[in-house]
Amino acid sequence: MDKSKKKTLEIRAEQSLVASNSLYYFFRFLSKSFIAFIVSIFLVRFLGAIGYGIYTIVTIYWTLFLTFAALGLGSAVQYGIAKYRANNKLGMLTWLVKHYLKILTISSIIGSIAMFLLAGPIATVYRVPEMQGLIQILALGLVFFAITESYAANVYIGYQKMKYTFVSGVVFDALRLVQGAIVVFGFGLLGVIAFYDVIYIIVAMISLYFVYRLLRKNKTQKEIRVPKEELSALHRYNWFSYGGNLIAYFYGAAISLLLGVFAPNLSSVSFFTVGWNLAALIAMPAGALSSAFFSTNTKYFVKKQFDKFYEFMNLILRYVSMLTIPLAVGGIIAAGPLISYFYRSSLSGAEIPLIIAIIATFITALFNPWTNFLSAIGKQKYFLYSSVIGAVIGIISTLVLVPILLAVGAALVVLLSSTAILATNLYFASKYIKITMPYFVMLKVTLASLLMAGIIYPLEKVVSLFLLPFVLIGGFLTYILVIYAMKVLTKNDINFFLKLSRLDKFLRLKT
């Protein structure tokens, strides 16, 4: 077999693996986002804007303490697994996975104690005494939260086994539906918060079982302790990630915390959070593809197979552009109706924050493959540097904008700090690779998206909210036909997306 044909077959095999993982990640994110919206609708309607604001602040602190407790270990686990798999050092890989689980368990227990003890002072800052008990309840489940979100999820990405993310995610989503029912049946905010502990205990047990199954596949290789020099390098990696995660908290969640302090009441927190959560849908395709390509980028860069690296990078950039641009355009023109559709008029104050958040999310998602590349090659320290820059801008702009503009100011802070972080990461990435974007493809996609917007915008003004989803679907189908006619979407692309949906087994296209 000649080298050219062998290379093509290898790339096709890698594409199939990436397609499979993208599919699992995509449906996991879609399911999680959908269930989160359903539950949030119930929470807003039964708790009110202020009650939902309390819920938001309490759960953000849970995530904040997780960020402290996780020590950046998730990124190191993900990178270490991808690296040792690429070099076939399965004995070291097994030791690494067990080693980081022990560290995370100890650190999250310490974080749980700290969260429990600090619950009272936190509640005092927000002038809401009931927060103390709610935060203490969540503190009890911090260990299981850490295992699920900061450990197992990253192990799956490193192993390229996103199907485990999907399976454990289905259980998580089913339990969240029960959580939504809890507030409907009158158990209130206390019941909703307490059930979070139940959810994560169950999902953590399932996640640990899947990790055990992955490790069993390495049992033919003798477990070998990672050499001190390599382990030190991995520890530096996770410390850079740790510092970056802590500082980057001003990029999103910490802004909500400060907004809650400045605002007259916590309804402004609800406006900002709803806008931010809806905007996160824009990043879904980029996140799915980048995570699926993580190990592929690591493998080709470690092996110095740069021709394959750039071929895959060009592929992912095209797909991210085709999926992200129309979502951003559609989200901006349908911002008001989307909020009314999901939350009625009670959250109308979230419309402007949503539009600003969409712009911020869109810019970041579009360039996500290039910035994600830094983690894939082990240059996590640059995320720390960019996070410092983003945090400085975030702190200054928060103190200036949030007290005056409240939720709108918080969204502007996210836009400013996220753009600064992105620009800094692109600068560092350019030191290792040539940053290029498929500008001609992006131009065609933008034109098709504007045509789609021209169809959706007048129709959304006259149809009922019940028909709004059908208008959005019709506009998106029009967009697909236009980019196919423009030859932006090719048969090879269609074949790839068929692999994503596993329809390639039933329908074969000539490529």
# chains A, B, ... in the order shown; residues from 1 in each chain; ligands from 1
$ select_by_dssp --residues "region 106-278 of chain A" --states "helix (DSSP H, G or I)" --output "JSON, numbers by chain"
{"A": [106, 107, 108, 109, 110, 111, 112, 113, 114, 115, 116, 117, 118, 119, 120, 121, 122, 123, 124, 125, 131, 132, 133, 134, 135, 136, 137, 138, 139, 142, 143, 144, 145, 146, 147, 148, 149, 150, 151, 152, 153, 154, 155, 156, 157, 158, 159, 162, 163, 164, 165, 166, 167, 168, 169, 170, 171, 172, 173, 174, 175, 176, 177, 178, 179, 180, 181, 182, 183, 184, 188, 189, 190, 191, 192, 193, 194, 195, 196, 197, 198, 199, 200, 201, 202, 203, 204, 205, 206, 207, 208, 209, 210, 211, 212, 213, 214, 215, 216, 228, 229, 230, 231, 232, 233, 234, 235, 236, 237, 238, 239, 240, 241, 242, 243, 244, 245, 246, 247, 248, 249, 250, 251, 253, 254, 255, 256, 257, 258, 259, 260, 261, 262, 267, 268, 269, 270, 271, 272, 273, 274, 275, 276, 277, 278]}
$ residues_around --residues "region 465-480 of chain A" --least-positions-apart "3" --cutoff "9 Å" --atoms "only C-alpha atoms" --output "count of residues only"
24
$ closest_atom_pairs --of "region 51-126 of chain A" --to "region 208-231 of chain A" --cutoff "8 Å" --atoms "only C-alpha atoms" --output "JSON lines"
{"residue": "A:Leu90", "atom": "CA", "partner": "A:Asn218", "partner_atom": "CA", "distance": 6.1}
{"residue": "A:Gly91", "atom": "CA", "partner": "A:Glu223", "partner_atom": "CA", "distance": 4.2}
{"residue": "A:Met92", "atom": "CA", "partner": "A:Ile224", "partner_atom": "CA", "distance": 4.9}
{"residue": "A:Thr94", "atom": "CA", "partner": "A:Glu223", "partner_atom": "CA", "distance": 6.1}
{"residue": "A:Trp95", "atom": "CA", "partner": "A:Arg225", "partner_atom": "CA", "distance": 5.8}
{"residue": "A:Leu96", "atom": "CA", "partner": "A:Val226", "partner_atom": "CA", "distance": 7.0}
$ atom_distance --atom1 "CA of Gly74 (chain A)" --atom2 "CA of Ile113 (chain A)"
21.1 Å
$ residues_around --residues "Ser417 (chain A)" --least-positions-apart "5" --cutoff "7 Å" --atoms "only C-alpha atoms" --output "ChimeraX atom specification"
/A:251,390-391,393-394
$ residues_around --residues "Tyr427 (chain A)" --least-positions-apart "6" --cutoff "12 Å" --atoms "only C-alpha atoms" --output "PyMOL selection string"
chain A and resi 367+370-371+374+382-383+385-386+420-421+433-435
$ write_last_selection --atoms "C-alpha atoms" --output "CSV table (one decimal), in the first residue's frame"
chain,number,residue,atom,x,y,z
A,367,PHE,CA,-11.8,30.7,17.3
A,370,TRP,CA,-7.1,27.5,17.8
A,371,THR,CA,-7.2,28.4,21.5
A,374,LEU,CA,-2.8,25.2,23.5
A,382,TYR,CA,-0.6,30.5,28.5
A,383,PHE,CA,-4.2,30.2,29.7
A,385,TYR,CA,-1.5,34.5,31.4
A,386,SER,CA,-4.5,35.3,29.3
A,420,ALA,CA,-9.2,40.0,25.7
A,421,ILE,CA,-8.7,36.4,26.7
A,433,ILE,CA,1.4,27.3,14.5
A,434,LYS,CA,0.2,29.5,11.7
A,435,ILE,CA,-3.2,30.9,12.5
$ residues_around --residues "Val178 (chain A)" --least-positions-apart "4" --cutoff "10 Å" --atoms "only C-alpha atoms" --output "list in words"
Val39, Asp173, Ala174, Ile182, Val183, Val184, Val192, Phe195 and Ile199 of chain A
$ write_last_selection --atoms "N, CA and C atoms" --output "short mmCIF file (atom, residue, chain, number, x, y, z; two decimals), in the first residue's frame"
data_model
loop_
_atom_site.label_atom_id
_atom_site.label_comp_id
_atom_site.auth_asym_id
_atom_site.auth_seq_id
_atom_site.Cartn_x
_atom_site.Cartn_y
_atom_site.Cartn_z
N VAL A 39 -35.94 22.71 33.32
CA VAL A 39 -35.91 22.87 34.77
C VAL A 39 -35.88 24.35 35.15
N ASP A 173 -29.60 13.79 33.38
CA ASP A 173 -30.75 14.53 32.86
C ASP A 173 -32.07 13.99 33.39
N ALA A 174 -32.17 12.66 33.50
CA ALA A 174 -33.39 12.06 34.03
C ALA A 174 -33.62 12.51 35.48
N ILE A 182 -39.82 18.47 41.60
CA ILE A 182 -39.80 18.78 43.04
C ILE A 182 -40.37 20.17 43.32
N VAL A 183 -39.94 21.16 42.53
CA VAL A 183 -40.43 22.52 42.75
C VAL A 183 -41.90 22.64 42.35
N VAL A 184 -42.31 21.89 41.34
CA VAL A 184 -43.72 21.92 40.91
C VAL A 184 -44.62 21.38 42.02
N VAL A 192 -35.13 21.56 45.88
CA VAL A 192 -34.35 21.59 44.64
C VAL A 192 -32.86 21.49 44.94
N PHE A 195 -31.75 18.01 46.39
CA PHE A 195 -31.75 16.92 45.42
C PHE A 195 -30.50 16.93 44.55
N ILE A 199 -28.41 13.68 43.07
CA ILE A 199 -28.05 13.53 41.66
C ILE A 199 -26.58 13.18 41.51
#
$ atom_distance --atom1 "CA of Val329 (chain A)" --atom2 "CA of Ser40 (chain A)"
24.0 Å
$ atom_distance --atom1 "CA of Ala70 (chain A)" --atom2 "CA of Ala146 (chain A)"
6.6 Å
$ closest_residue --among "A:Ser75, A:Phe262, A:Leu354, A:Val125" --to "Ile404 (chain A)" --atoms "only C-alpha atoms"
A:Phe262
